[in-house]
file final_34.txt (compact mmCIF, C-alpha atoms and all ligand atoms)
# COMPACT_ATOMS: atom_id res chain seq x y z
CA MET A 17 46.89 -48.52 -91.23
CA ALA A 18 49.17 -51.55 -91.21
CA LEU A 19 48.64 -54.38 -88.78
CA ARG A 20 50.24 -53.52 -85.44
CA GLY A 21 50.49 -57.12 -84.26
CA VAL A 22 52.38 -58.37 -81.22
CA PHE A 23 56.10 -59.05 -81.52
CA ASN A 24 55.80 -58.84 -85.32
CA GLN A 25 53.01 -61.40 -85.56
CA PRO A 26 49.23 -60.99 -86.02
CA PHE A 27 48.71 -63.00 -82.81
CA ILE A 28 50.60 -65.42 -80.57
CA ASN A 29 49.17 -68.81 -79.67
CA LEU A 30 49.94 -69.05 -75.93
CA ASP A 31 49.04 -72.71 -75.45
CA PRO A 32 52.69 -73.86 -75.39
CA LEU A 33 53.58 -71.15 -72.86
CA LEU A 34 50.84 -71.70 -70.29
CA ASN A 35 49.76 -74.68 -68.26
CA ILE A 36 46.19 -74.94 -69.52
CA SER A 37 45.44 -78.59 -68.71
CA HIS A 38 43.85 -77.48 -65.43
CA TYR A 39 42.00 -74.66 -67.18
CA GLU A 40 40.00 -77.14 -69.28
CA SER A 41 38.42 -78.55 -66.13
CA LEU A 42 37.12 -75.05 -65.30
CA ILE A 43 35.07 -74.55 -68.43
CA ASN A 44 31.90 -75.93 -66.89
CA GLU A 45 32.26 -73.56 -63.93
CA MET A 46 32.54 -70.70 -66.42
CA LEU A 47 29.38 -71.69 -68.28
CA VAL A 48 27.37 -72.19 -65.09
CA GLY A 49 28.79 -68.99 -63.61
CA ILE A 50 27.81 -66.97 -66.66
CA SER A 51 24.32 -68.47 -66.46
CA LYS A 52 24.05 -67.08 -62.89
CA SER A 53 25.62 -63.69 -63.62
CA TRP A 54 24.46 -60.21 -64.49
CA VAL A 55 24.82 -59.92 -68.26
CA ASP A 56 25.72 -56.51 -69.60
CA LYS A 57 24.85 -55.31 -73.11
CA GLY A 58 27.78 -52.94 -73.15
CA VAL A 59 29.95 -52.04 -76.09
CA VAL A 60 33.72 -52.07 -76.43
CA SER A 61 34.35 -51.16 -80.01
CA CYS A 62 35.16 -48.42 -82.45
CA GLY A 63 32.06 -49.00 -84.53
CA SER A 64 32.12 -50.64 -87.91
CA ARG A 65 34.27 -49.90 -90.95
CA ASP A 66 33.03 -47.51 -93.64
CA GLU A 67 32.35 -50.33 -96.10
CA GLU A 68 30.27 -52.30 -93.58
CA ASP A 69 26.56 -52.24 -94.37
CA LYS A 70 25.41 -53.08 -90.84
CA LEU A 71 24.87 -50.41 -88.23
CA GLU A 72 26.86 -50.79 -85.01
CA LEU A 73 25.85 -49.36 -81.64
CA CYS A 74 29.00 -47.31 -81.18
CA GLN A 75 28.24 -45.25 -84.27
CA VAL A 76 24.83 -44.35 -82.89
CA LEU A 77 26.19 -43.46 -79.45
CA ARG A 78 28.84 -41.25 -81.01
CA ARG A 79 26.38 -39.27 -83.17
CA PRO A 80 22.83 -40.07 -81.96
CA GLN A 81 21.41 -36.96 -83.63
CA ASP A 82 22.16 -38.56 -87.02
CA TYR A 83 19.90 -41.51 -86.27
CA LEU A 84 17.26 -40.48 -83.73
CA THR A 85 14.67 -37.75 -83.19
CA ALA A 86 15.46 -34.93 -80.78
CA GLU A 87 13.09 -36.45 -78.27
CA GLN A 88 14.73 -39.86 -78.55
CA VAL A 89 18.17 -38.30 -78.17
CA ALA A 90 17.03 -36.57 -74.99
CA THR A 91 15.71 -39.87 -73.65
CA LEU A 92 18.93 -41.61 -74.59
CA MET A 93 20.94 -39.00 -72.73
CA SER A 94 18.85 -39.53 -69.61
CA LEU A 95 19.84 -43.19 -69.44
CA THR A 96 22.68 -43.84 -67.05
CA SER A 97 24.64 -46.74 -68.53
CA ILE A 98 25.76 -48.14 -71.86
CA HIS A 99 23.74 -51.21 -70.97
CA GLN A 100 20.51 -49.18 -70.83
CA LYS A 101 21.43 -47.20 -73.94
CA ALA A 102 22.15 -50.40 -75.87
CA TRP A 103 18.72 -51.79 -75.05
CA TYR A 104 16.93 -48.56 -75.95
CA CYS A 105 18.77 -48.00 -79.25
CA SER A 106 18.31 -51.62 -80.26
CA PHE A 107 14.54 -51.15 -80.16
CA LEU A 108 14.66 -47.98 -82.22
CA LEU A 109 17.18 -48.94 -84.90
CA PRO A 110 18.34 -52.06 -86.77
CA ILE A 111 21.53 -52.26 -84.76
CA HIS A 112 23.81 -55.25 -85.10
CA HIS A 113 24.83 -55.94 -81.51
CA PRO A 114 25.01 -59.72 -81.16
CA TYR A 115 27.19 -59.90 -78.08
CA SER A 116 27.11 -59.19 -74.37
CA LEU A 117 29.54 -59.04 -71.50
CA VAL A 118 29.93 -60.62 -68.08
CA PHE A 119 32.44 -58.83 -65.90
CA ILE A 120 34.36 -60.56 -63.11
CA ARG A 121 36.52 -57.46 -62.58
CA ARG A 122 35.44 -54.16 -64.05
CA GLU A 123 37.52 -51.12 -64.86
CA LYS A 124 36.79 -47.59 -63.70
CA ASP A 125 38.63 -46.09 -66.67
CA PHE A 126 38.79 -47.92 -70.02
CA TRP A 127 42.38 -46.87 -70.69
CA LYS A 128 43.56 -48.14 -67.28
CA LYS A 129 41.89 -51.53 -67.50
CA HIS A 130 45.26 -53.30 -67.19
CA LEU A 131 45.95 -51.92 -63.70
CA SER A 132 44.86 -53.74 -60.52
CA GLN A 133 43.96 -50.64 -58.57
CA GLU A 134 41.76 -49.34 -61.39
CA CYS A 135 39.48 -52.40 -61.40
CA ASP A 136 37.04 -53.82 -58.86
CA TRP A 137 35.66 -57.29 -58.33
CA THR A 138 32.00 -57.51 -59.34
CA GLU A 139 29.18 -59.43 -57.67
CA ASN A 140 29.50 -61.95 -60.51
CA SER A 141 32.92 -63.00 -59.21
CA ILE A 142 31.43 -65.28 -56.52
CA HIS A 143 30.29 -67.62 -59.30
CA PHE A 144 33.85 -68.24 -60.55
CA PRO A 145 36.00 -69.26 -57.53
CA LYS A 146 38.15 -71.85 -59.31
CA THR A 147 38.46 -69.75 -62.45
CA CYS A 148 39.69 -66.80 -60.37
CA ASP A 149 42.23 -69.03 -58.60
CA PHE A 150 43.47 -70.15 -62.02
CA ILE A 151 43.70 -66.59 -63.31
CA LYS A 152 45.89 -65.67 -60.34
CA THR A 153 48.43 -68.27 -61.51
CA LEU A 154 48.85 -66.60 -64.92
CA PRO A 155 52.06 -64.69 -65.67
CA PHE A 156 50.79 -61.25 -64.73
CA GLU A 157 52.47 -58.74 -62.47
CA GLN A 158 49.12 -56.99 -62.19
CA ILE A 159 45.63 -58.26 -63.03
CA GLY A 160 43.17 -55.66 -64.22
CA ARG A 161 39.87 -56.25 -65.97
CA ILE A 162 38.47 -59.78 -66.30
CA LEU A 163 35.46 -60.40 -68.49
CA PHE A 164 33.63 -62.85 -70.69
CA PHE A 165 32.47 -61.94 -74.18
CA ILE A 166 29.36 -63.85 -75.18
CA SER A 167 28.50 -64.02 -78.89
CA GLU A 168 25.03 -64.87 -80.14
CA PRO A 169 24.54 -67.89 -82.43
CA HIS A 170 24.39 -67.43 -86.21
CA GLU A 171 25.66 -63.85 -85.99
CA LYS A 172 29.06 -62.41 -86.70
CA THR A 173 30.70 -59.72 -84.61
CA LEU A 174 31.57 -56.92 -86.99
CA ILE A 175 35.22 -56.21 -87.63
CA HIS A 176 36.31 -53.52 -85.18
CA TYR A 177 39.10 -52.52 -82.83
CA ASP A 178 38.76 -51.95 -79.11
CA GLY A 179 38.92 -48.19 -78.88
CA ALA A 180 36.37 -45.48 -79.43
CA HIS A 181 38.44 -43.27 -81.74
CA PRO A 182 40.99 -43.77 -84.53
CA GLU A 183 43.56 -41.72 -82.56
CA SER A 184 43.38 -44.26 -79.75
CA ARG A 185 45.08 -46.83 -81.98
CA PHE A 186 48.39 -45.04 -81.68
CA ASN A 187 48.77 -44.67 -77.95
CA SER A 188 48.06 -47.99 -76.30
CA ASN A 189 49.83 -51.31 -76.01
CA THR A 190 47.51 -53.76 -74.34
CA GLU A 191 48.80 -56.82 -72.54
CA MET A 192 46.14 -59.46 -72.15
CA ILE A 193 45.41 -63.16 -72.37
CA TYR A 194 42.39 -64.22 -74.37
CA PHE A 195 40.95 -67.68 -73.76
CA ARG A 196 38.47 -69.45 -75.98
CA PRO A 197 36.80 -71.97 -73.66
CA MET A 198 34.66 -72.77 -76.68
CA LEU A 199 36.78 -73.20 -79.77
CA GLN A 200 33.64 -72.70 -81.85
CA LYS A 201 34.29 -69.00 -81.25
CA LYS A 202 35.89 -68.08 -84.56
CA LEU A 203 37.95 -65.06 -83.70
CA PHE A 204 40.16 -63.57 -86.38
CA ILE A 205 42.53 -60.67 -86.82
CA TRP A 206 41.96 -58.59 -89.94
CA ASP A 207 44.70 -56.91 -91.94
CA GLU A 208 42.92 -53.98 -93.53
CA GLU A 209 45.78 -53.17 -95.91
CA LYS A 210 46.16 -56.69 -97.28
CA LYS A 211 42.45 -57.55 -96.84
CA GLN A 212 43.62 -60.72 -95.15
CA LYS A 213 42.06 -62.69 -92.32
CA TYR A 214 44.15 -64.48 -89.66
CA PRO A 215 42.04 -67.00 -87.70
CA VAL A 216 43.35 -67.01 -84.14
CA GLN A 217 44.73 -70.38 -83.10
CA GLY A 218 44.95 -71.90 -79.66
CA GLN A 219 42.82 -71.92 -76.53
CA ALA A 220 44.88 -69.05 -75.18
CA SER A 221 46.18 -66.21 -77.30
CA TYR A 222 47.68 -62.75 -77.20
CA TRP A 223 46.99 -60.18 -79.90
CA ASN A 224 46.75 -56.46 -80.30
CA ASP A 225 43.20 -55.32 -79.57
CA LEU A 226 43.83 -52.13 -81.55
CA ASP A 227 44.16 -54.21 -84.70
CA TRP A 228 40.95 -54.85 -86.57
CA HIS A 229 39.35 -58.10 -85.40
CA GLY A 230 36.01 -59.87 -85.59
CA VAL A 231 34.19 -63.12 -84.94
CA ASP A 232 32.59 -65.31 -87.62
CA ALA A 233 29.15 -66.78 -86.95
CA SER A 234 28.90 -70.03 -85.05
CA ASP A 235 26.03 -72.46 -84.60
CA ARG A 236 25.62 -71.70 -80.88
CA LYS A 237 26.28 -69.09 -78.23
CA THR A 238 30.01 -68.89 -77.68
CA VAL A 239 32.12 -67.38 -74.97
CA SER A 240 35.64 -66.09 -74.57
CA LEU A 241 37.46 -64.97 -71.45
CA ARG A 242 39.76 -61.98 -71.53
CA ILE A 243 42.16 -60.98 -68.76
CA ASP A 244 43.85 -57.62 -69.04
CA GLY A 245 46.92 -56.89 -67.00
CA VAL A 246 50.63 -56.26 -66.94
CA PHE A 247 52.77 -59.22 -67.95
CA THR A 248 55.76 -60.26 -65.91
CA GLU A 249 59.06 -59.37 -67.54
CA GLU A 250 59.91 -63.07 -67.69
CA PHE A 251 56.75 -63.79 -69.71
CA ARG A 252 57.42 -60.85 -72.03
CA GLU A 253 60.84 -62.33 -72.77
CA LYS A 254 59.23 -65.66 -73.65
CA LEU A 255 56.79 -63.92 -75.99
CA LYS A 256 59.61 -62.28 -77.88
CA ILE A 257 60.90 -65.62 -79.08
CA GLN A 258 57.58 -67.46 -79.41
CA LYS A 259 56.49 -68.06 -82.99
CA THR A 260 52.92 -68.99 -83.88
FE FE A 301 37.07 -56.42 -79.70

call {"tool": "encode", "arguments": {"input": "final_34.txt", "output": "structure tokens"}}
result
Amino acid sequence: MALRGVFNQPFINLDPLLNISHYESLINEMLVGISKSWVDKGVVSCGSRDEEDKLELCQVLRRPQDYLTAEQVATLMSLTSIHQKAWYCSFLLPIHHPYSLVFIRREKDFWKKHLSQECDWTENSIHFPKTCDFIKTLPFEQIGRILFFISEPHEKTLIHYDGAHPESRFNSNTEMIYFRPMLQKKLFIWDEEKKQKYPVQGQASYWNDLDWHGVDASDRKTVSLRIDGVFTEEFREKLKIQKT
């Protein structure tokens, strides 16, 4: 499938469109806040591509009977969250799952994560007062899910897209702002047809999360901040003419 992109580009560098000078002073609050927060080992991916030799958690959760004994499958099914399932599976199988999540606002339904009423503030949110004030100044009509992605050092995040099934790639158009408080986080968009990598530029970016994307290994833990929502019409108009 061809790259979907956003406004005919693999990604848009939002730095020229947002006032991010203030945001830079918040990075320490983010790092301290994450250190105080509940860290979730959840998964938000389609699983890995066929040619990938590493096993990804989503593949196991989709077809556990292919990887585990009947008894282990029964145990897995008795666990009540993806967090618990991720821990359990990671002990049983050589799963490549080098990332975790810290939610500030969490969605009730994955496909409605852009809508305010479908997301709730988490207990973590008290650790990010200034960051939340900043987020409220962003050009969103609605703010939905807010979360940090934390990547482990020396490990890549496998190329994936943010939906559980191939069909999901055709029926969603996410609007979100993705910050890289640590530019060591080497996010890229992957064009599967051209076998081409587009390293995402800028501290703030917008890209289509249903395009293949991944993160190259870094020498330390890295973090990114993603805010899902509904853009204002005015901001959408600016994006149409913005060239990266
Ligand atoms: Fe992703």

call {"tool": "closest_atom_pairs", "arguments": {"input": "final_34.txt", "of": "chain A", "to": "ligand FE 301 (chain A)", "cutoff": "6 Å", "atoms": "all atoms listed in the file", "output": "CSV"}}
result
residue,atom,partner,partner_atom,distance
A:Ser61,CA,A:FE301,FE,5.9
A:Tyr177,CA,A:FE301,FE,5.4
A:Asp178,CA,A:FE301,FE,4.8

call {"tool": "atom_distance", "arguments": {"input": "final_34.txt", "atom1": "CA of Gly230 (chain A)", "atom2": "CA of Ile243 (chain A)"}}
result
18.0 Å

call {"tool": "closest_residue", "arguments": {"input": "final_34.txt", "among": "A:Glu87, A:Leu241, A:Lys202, A:Asp227", "to": "Arg161 (chain A)", "atoms": "all atoms listed in the file"}}
result
A:Leu241

call {"tool": "atom_distance", "arguments": {"input": "final_34.txt", "atom1": "CA of Val231 (chain A)", "atom2": "CA of Thr173 (chain A)"}}
result
4.9 Å

call {"tool": "residues_around", "arguments": {"input": "final_34.txt", "residues": "Leu199 (chain A)", "least_positions_apart": "4", "cutoff": "9 Å", "atoms": "only C-alpha atoms", "output": "list in words"}}
result
Gly218, Gln219, Thr238, Val239 and Ser240 of chain A

call {"tool": "closest_residue", "arguments": {"input": "final_34.txt", "among": "A:Ile151, A:Leu73, A:Leu226, A:Ile28", "to": "Leu108 (chain A)", "atoms": "all atoms listed in the file"}}
result
A:Leu73

call {"tool": "closest_atom_pairs", "arguments": {"input": "final_34.txt", "of": "region 47-85 of chain A", "to": "region 100-104 of chain A", "cutoff": "9 Å", "atoms": "all atoms listed in the file", "output": "CSV"}}
result
residue,atom,partner,partner_atom,distance
A:Lys57,CA,A:Ala102,CA,6.2
A:Gly58,CA,A:Ala102,CA,6.7
A:Val59,CA,A:Ala102,CA,8.0
A:Leu73,CA,A:Ala102,CA,6.9
A:Leu77,CA,A:Lys101,CA,8.2

call {"tool": "closest_residue", "arguments": {"input": "final_34.txt", "among": "A:Pro32, A:Pro197, A:Pro110, A:Gly245", "to": "Met46 (chain A)", "atoms": "all atoms listed in the file"}}
result
A:Pro197

call {"tool": "atom_distance", "arguments": {"input": "final_34.txt", "atom1": "CA of Gln200 (chain A)", "atom2": "CA of Leu255 (chain A)"}}
result
25.4 Å

call {"tool": "closest_residue", "arguments": {"input": "final_34.txt", "among": "A:Leu174, A:Ile36, A:Val55, A:Ile257", "to": "Ser221 (chain A)", "atoms": "only C-alpha atoms"}}
result
A:Ile36

call {"tool": "residues_around", "arguments": {"input": "final_34.txt", "residues": "Asn44 (chain A)", "least_positions_apart": "6", "cutoff": "12 Å", "atoms": "only C-alpha atoms", "output": "NGL selection string"}}
result
:A and (50-51 or 143-144 or 146-147 or 197-198 or 239)

call {"tool": "closest_residue", "arguments": {"input": "final_34.txt", "among": "A:Ile175, A:Leu154, A:Leu203, A:Cys105", "to": "Glu68 (chain A)", "atoms": "only C-alpha atoms"}}
result
A:Ile175

call {"tool": "closest_residue", "arguments": {"input": "final_34.txt", "among": "A:Leu33, A:Leu163, A:Leu19, A:Leu131", "to": "Gly49 (chain A)", "atoms": "all atoms listed in the file"}}
result
A:Leu163

call {"tool": "residues_around", "arguments": {"input": "final_34.txt", "residues": "His229 (chain A)", "least_positions_apart": "2", "cutoff": "6 Å", "atoms": "only C-alpha atoms", "output": "PyMOL selection string"}}
result
chain A and resi 175-176+204-206

call {"tool": "residues_around", "arguments": {"input": "final_34.txt", "residues": "Tyr222 (chain A)", "least_positions_apart": "5", "cutoff": "8 Å", "atoms": "all atoms listed in the file", "output": "NGL selection string"}}
result
:A and (22 or 27-30 or 191-194)

call {"tool": "residues_around", "arguments": {"input": "final_34.txt", "residues": "Leu71 (chain A)", "least_positions_apart": "5", "cutoff": "10 Å", "atoms": "only C-alpha atoms", "output": "mmCIF file with C-alpha atoms, in the coordinates of the input"}}
result
data_model
loop_
_atom_site.group_PDB
_atom_site.id
_atom_site.type_symbol
_atom_site.label_atom_id
_atom_site.label_comp_id
_atom_site.auth_asym_id
_atom_site.auth_seq_id
_atom_site.Cartn_x
_atom_site.Cartn_y
_atom_site.Cartn_z
ATOM 1 C CA GLY A 63 32.060 -49.000 -84.530
ATOM 2 C CA SER A 64 32.120 -50.640 -87.910
ATOM 3 C CA ARG A 65 34.270 -49.900 -90.950
ATOM 4 C CA VAL A 76 24.830 -44.350 -82.890
ATOM 5 C CA LEU A 109 17.180 -48.940 -84.900
ATOM 6 C CA PRO A 110 18.340 -52.060 -86.770
ATOM 7 C CA ILE A 111 21.530 -52.260 -84.760
ATOM 8 C CA HIS A 112 23.810 -55.250 -85.100
ATOM 9 C CA HIS A 113 24.830 -55.940 -81.510
ATOM 10 C CA LEU A 174 31.570 -56.920 -86.990
#

call {"tool": "build_atoms", "arguments": {"input": "final_34.txt", "residues": "region 77-106 of chain A", "atoms": "N, CA and C atoms", "output": "PDB file, in the coordinates of the input"}}
result
ATOM      1  N   LEU A  77      25.877 -44.159 -80.700  1.00  0.00           N
ATOM      2  CA  LEU A  77      26.190 -43.460 -79.450  1.00  0.00           C
ATOM      3  C   LEU A  77      27.094 -42.253 -79.695  1.00  0.00           C
ATOM      4  N   ARG A  78      27.922 -42.352 -80.716  1.00  0.00           N
ATOM      5  CA  ARG A  78      28.840 -41.250 -81.010  1.00  0.00           C
ATOM      6  C   ARG A  78      28.088 -40.059 -81.631  1.00  0.00           C
ATOM      7  N   ARG A  79      27.127 -40.349 -82.502  1.00  0.00           N
ATOM      8  CA  ARG A  79      26.380 -39.270 -83.170  1.00  0.00           C
ATOM      9  C   ARG A  79      24.883 -39.606 -83.192  1.00  0.00           C
ATOM     10  N   PRO A  80      24.240 -39.653 -82.010  1.00  0.00           N
ATOM     11  CA  PRO A  80      22.830 -40.070 -81.960  1.00  0.00           C
ATOM     12  C   PRO A  80      21.910 -39.173 -82.766  1.00  0.00           C
ATOM     13  N   GLN A  81      22.275 -37.904 -82.896  1.00  0.00           N
ATOM     14  CA  GLN A  81      21.410 -36.960 -83.630  1.00  0.00           C
ATOM     15  C   GLN A  81      21.283 -37.320 -85.112  1.00  0.00           C
ATOM     16  N   ASP A  82      22.232 -38.137 -85.621  1.00  0.00           N
ATOM     17  CA  ASP A  82      22.160 -38.560 -87.020  1.00  0.00           C
ATOM     18  C   ASP A  82      21.133 -39.685 -87.227  1.00  0.00           C
ATOM     19  N   TYR A  83      20.727 -40.308 -86.149  1.00  0.00           N
ATOM     20  CA  TYR A  83      19.900 -41.510 -86.270  1.00  0.00           C
ATOM     21  C   TYR A  83      18.540 -41.402 -85.573  1.00  0.00           C
ATOM     22  N   LEU A  84      18.445 -40.515 -84.589  1.00  0.00           N
ATOM     23  CA  LEU A  84      17.260 -40.480 -83.730  1.00  0.00           C
ATOM     24  C   LEU A  84      16.609 -39.101 -83.744  1.00  0.00           C
ATOM     25  N   THR A  85      15.346 -39.044 -83.325  1.00  0.00           N
ATOM     26  CA  THR A  85      14.670 -37.750 -83.190  1.00  0.00           C
ATOM     27  C   THR A  85      15.248 -37.019 -81.977  1.00  0.00           C
ATOM     28  N   ALA A  86      14.956 -35.724 -81.910  1.00  0.00           N
ATOM     29  CA  ALA A  86      15.460 -34.930 -80.780  1.00  0.00           C
ATOM     30  C   ALA A  86      14.925 -35.484 -79.458  1.00  0.00           C
ATOM     31  N   GLU A  87      13.683 -35.907 -79.492  1.00  0.00           N
ATOM     32  CA  GLU A  87      13.090 -36.450 -78.270  1.00  0.00           C
ATOM     33  C   GLU A  87      13.777 -37.756 -77.858  1.00  0.00           C
ATOM     34  N   GLN A  88      14.049 -38.586 -78.851  1.00  0.00           N
ATOM     35  CA  GLN A  88      14.730 -39.860 -78.550  1.00  0.00           C
ATOM     36  C   GLN A  88      16.158 -39.615 -78.059  1.00  0.00           C
ATOM     37  N   VAL A  89      16.810 -38.618 -78.634  1.00  0.00           N
ATOM     38  CA  VAL A  89      18.170 -38.300 -78.170  1.00  0.00           C
ATOM     39  C   VAL A  89      18.133 -37.861 -76.710  1.00  0.00           C
ATOM     40  N   ALA A  90      17.151 -37.041 -76.381  1.00  0.00           N
ATOM     41  CA  ALA A  90      17.030 -36.570 -74.990  1.00  0.00           C
ATOM     42  C   ALA A  90      16.798 -37.750 -74.050  1.00  0.00           C
ATOM     43  N   THR A  91      15.966 -38.676 -74.480  1.00  0.00           N
ATOM     44  CA  THR A  91      15.710 -39.870 -73.650  1.00  0.00           C
ATOM     45  C   THR A  91      16.985 -40.683 -73.501  1.00  0.00           C
ATOM     46  N   LEU A  92      17.677 -40.844 -74.619  1.00  0.00           N
ATOM     47  CA  LEU A  92      18.930 -41.610 -74.590  1.00  0.00           C
ATOM     48  C   LEU A  92      19.909 -40.996 -73.590  1.00  0.00           C
ATOM     49  N   MET A  93      19.996 -39.684 -73.614  1.00  0.00           N
ATOM     50  CA  MET A  93      20.940 -39.000 -72.730  1.00  0.00           C
ATOM     51  C   MET A  93      20.559 -39.156 -71.252  1.00  0.00           C
ATOM     52  N   SER A  94      19.292 -39.401 -71.008  1.00  0.00           N
ATOM     53  CA  SER A  94      18.850 -39.530 -69.610  1.00  0.00           C
ATOM     54  C   SER A  94      19.169 -40.919 -69.045  1.00  0.00           C
ATOM     55  N   LEU A  95      19.512 -41.845 -69.914  1.00  0.00           N
ATOM     56  CA  LEU A  95      19.840 -43.190 -69.440  1.00  0.00           C
ATOM     57  C   LEU A  95      21.252 -43.200 -68.873  1.00  0.00           C
ATOM     58  N   THR A  96      21.454 -44.005 -67.849  1.00  0.00           N
ATOM     59  CA  THR A  96      22.680 -43.840 -67.050  1.00  0.00           C
ATOM     60  C   THR A  96      23.798 -44.836 -67.356  1.00  0.00           C
ATOM     61  N   SER A  97      23.556 -45.787 -68.234  1.00  0.00           N
ATOM     62  CA  SER A  97      24.640 -46.740 -68.530  1.00  0.00           C
ATOM     63  C   SER A  97      24.590 -47.123 -70.000  1.00  0.00           C
ATOM     64  N   ILE A  98      25.716 -47.647 -70.482  1.00  0.00           N
ATOM     65  CA  ILE A  98      25.760 -48.140 -71.860  1.00  0.00           C
ATOM     66  C   ILE A  98      24.792 -49.309 -72.003  1.00  0.00           C
ATOM     67  N   HIS A  99      24.671 -50.079 -70.956  1.00  0.00           N
ATOM     68  CA  HIS A  99      23.740 -51.210 -70.970  1.00  0.00           C
ATOM     69  C   HIS A  99      22.317 -50.725 -71.305  1.00  0.00           C
ATOM     70  N   GLN A 100      21.865 -49.710 -70.591  1.00  0.00           N
ATOM     71  CA  GLN A 100      20.510 -49.180 -70.830  1.00  0.00           C
ATOM     72  C   GLN A 100      20.417 -48.567 -72.226  1.00  0.00           C
ATOM     73  N   LYS A 101      21.451 -47.852 -72.620  1.00  0.00           N
ATOM     74  CA  LYS A 101      21.430 -47.200 -73.940  1.00  0.00           C
ATOM     75  C   LYS A 101      21.404 -48.235 -75.056  1.00  0.00           C
ATOM     76  N   ALA A 102      22.125 -49.341 -74.855  1.00  0.00           N
ATOM     77  CA  ALA A 102      22.150 -50.400 -75.870  1.00  0.00           C
ATOM     78  C   ALA A 102      20.758 -50.993 -76.061  1.00  0.00           C
ATOM     79  N   TRP A 103      20.086 -51.244 -74.960  1.00  0.00           N
ATOM     80  CA  TRP A 103      18.720 -51.790 -75.050  1.00  0.00           C
ATOM     81  C   TRP A 103      17.814 -50.811 -75.796  1.00  0.00           C
ATOM     82  N   TYR A 104      17.839 -49.560 -75.372  1.00  0.00           N
ATOM     83  CA  TYR A 104      16.930 -48.560 -75.950  1.00  0.00           C
ATOM     84  C   TYR A 104      17.186 -48.390 -77.450  1.00  0.00           C
ATOM     85  N   CYS A 105      18.426 -48.208 -77.828  1.00  0.00           N
ATOM     86  CA  CYS A 105      18.770 -48.000 -79.250  1.00  0.00           C
ATOM     87  C   CYS A 105      18.413 -49.224 -80.087  1.00  0.00           C
ATOM     88  N   SER A 106      18.570 -50.403 -79.498  1.00  0.00           N
ATOM     89  CA  SER A 106      18.310 -51.620 -80.260  1.00  0.00           C
ATOM     90  C   SER A 106      16.828 -51.794 -80.594  1.00  0.00           C
TER      91      SER A 106
END
